[in-house]
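Enquirer: One structure, as structure tokens, below. Some questions next.
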Amino acid sequence: MFRVREGRIAASDLAARLEAQGFRLRTLEGMPGFLQVEHGPRPVSLTLEHWLGLLYVQQASTGIAAPQLQAQGGERVLDLCAAPGGKTTHIAELMRETGALVAAEVSEGRIRGLLGNIYRLGLTNVLVVAADGRDFPDGATFDRALVDAPCSGEGTLRRRGGRPPDQSASFLRHVTRVQETLLRRAIRIVRPGGTILYVTCTFAPEENEAVVSRVLADAPVELEPLELPVPHARGLTAFGDQRFDARLEGAARVYPHHLDSGGLFLARLRRLDDGTPARPSAWRPVPQVFPGDAMTDAQAGSLIQTGVVPTLDHFGVDPSRLTDLGWMTRGGRLWLHGATSWPVESWSPGDWRVVSLGFRALEFDPSGRPRPTNDLLQWLDGACTGSTVDPDDRQLTELLAGAPVAWPMELSGLQAMRWRGRVVGRGVPTTAGLRSEISKARARDLAAVVSGGSAEVRPADD
Ligand code: SAM
């Protein structure tokens, strides 16, 4: 099961590409933008389309959540527990990459996976922040927040081969405390009238209805009854001798049999106006220079000018391709993003760190010549009309293995390497021949795709 990367390819075009490779696909009622693989010659995660970020492998159950946040284009949205990014990337697409989506994650290890997915899908409006969501900084309010809380994961039983989750009393005490603290934090940060979606992938009422029930008792929120477009059950109002707020009936439970998938609990809350005086907007235009960098705006402007114009020119890219996007310099590199404002300068001091905004797009070699990143070249894709090369399967396999490939014609400067009509990364002509500059990890994954799956298979996303 996978989600089509809205905005980069039409579902019909993606389906046609995959069907031409032998995949049999079907649509799912109530889940626009998702396709189920009925039969395929290999895992869909081993296709060029996956490698390029034209699709995201995701269980049906988890694909339900993001639309229920109801995020609109141009809004300011917070995802408090973001990695590995299944819902972050889905929300960003639903926002049509306009506005700003702040993706917070506490685990440094899992942030790497989150970034990998955001960059692979080429999303421009996501600001990734390393932070403990329980202490997420004050200072700027959001229109909506998703709390996809850490949980005991009973709903992932099938994916874990039936291995039961940790359900010890001490773990349950710890995790429910974390869940409630995260939910209360999200409520505090969302503006009156805004939406908070609480999600877990477990069935345990202690982690679901019990948490939301306690919060409903004293926080300025109302529960908004959910009507999911897929089969589901209502939230519980009692379990054993426990009683929950009667409004929990408006929450939703998705059990594995509903979608032949994992499990999910969802509750949507509306932030009430508790009389707190409205604060002036703490969102500010995204600066050209990353805060703390030793560079003036004029220097940044000149770096952008000397980097972007010749790069677009070299690859024959129409500059209108970058309309509505902005550049930010950080550490001497240029980041491309689609956020018009961000909250960073207004955040209270604390243990948080901005990891990325949009994606790193341009670097400079020691002589100051601009070098587009592989992410930028892939993102530009068909907009590259010059300085492109089309290696065949054998040539690409050699290039990905790190070997130079003799090229029949003289090449001038960096090249956008295409395979099967799509740009896969940067090549550089050397005296020994053309060389690939795709990173080792990405090259290994692409080599597996080129070999048709006979090489190493990486696990699918979620
Ligand atoms: N939303 C993700 C997706 O759709 O791909 C899945 C999120 S997973 C259920 C929960 C995530 O919360 C984990 O990545 C975990 O590391 C993170 N997490 C746990 N405690 C956290 C905290 N206090 N603050 C922020 N993130 C936390």
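We label chains A, B, ... in the order they appear in the structure tokens, count residues from 1 in each chain, and number ligands from 1 in the order shown.
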If we count only C-alpha atoms and set the cut-off at 6 Å, which residues sit around range 199-208 of chain A, ignoring sequence neighbours fewer than 6 positions away in its own chain? Please answer as a PyMOL selection string.

Expert: chain A and resi 148-149+153-155+176+263-266

Enquirer: If you run DSSP on this backbone, which residues of range 74-229 of chain A come out as alpha helix (DSSP H), and could you give them as number ranges by chain?

Expert: A: 86-94, 108-121, 169-189, 209-218

Enquirer: Mind the document's chain letters and residue numbers, and return as an MDAnalysis selection string the residues of range 180-255 of chain A that DSSP labels strand (DSSP E or B).

Expert: chainID A and resid 190:200 221:224 233:234 238:239 242:243 252:254

Enquirer: Please check which protein, DNA or RNA residues sit within 10 Å of ligand 1, counting only C-alpha atoms and all ligand atoms, and write them as a VMD selection string.

Expert: chain A and resid 58 62 to 63 65 to 66 79 to 91 103 to 111 113 to 114 117 129 to 136 146 to 153 175 178 to 179 181 to 182 199 to 202 461 to 462

Enquirer: Have a look at CA of Trp419 in chain A and CA of Leu336 in chain A and let me know their distance in Å, one decimal.

Expert: 24.4 Å

Enquirer: Closest to Ala238 in chain A among A:Glu209, A:Glu222, A:Asp260, A:Asp381, using only C-alpha atoms?

Expert: A:Glu209

Enquirer: What does the distance between CA of Pro370 in chain A and CA of Gly326 in chain A come to in Å, to one decimal place?

Expert: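 One can read the CA of Pro370 in chain A to CA of Gly326 in chain A distance as 17.1 Å.
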
Enquirer: What separation in Å, quoted to one decimal, exists between CA of Leu123 in chain A and CA of Glu93 in chain A?

Expert: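 One can read the CA of Leu123 in chain A to CA of Glu93 in chain A distance as 7.9 Å.
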
Enquirer: I need the residue nearest Gly425 in chain A from this list: A:Pro343, A:Pro137, A:Pro404, A:Pro391. Use only C-alpha atoms for the distance.

Expert: A:Pro391

Enquirer: Could you tell me which of A:Ala169, A:Asp138, A:Pro41, A:Phe364 comes closest to Gly350 in chain A if we count only C-alpha atoms?

Expert: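 Once distances to Gly350 in chain A are computed over only C-alpha atoms, the minimum belongs to A:Asp138.
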
Enquirer: Between A:Arg333, A:Arg426, A:Arg268, A:Arg247, which has the minimum distance to Leu197 in chain A (counting only C-alpha atoms)?

Expert: A:Arg268
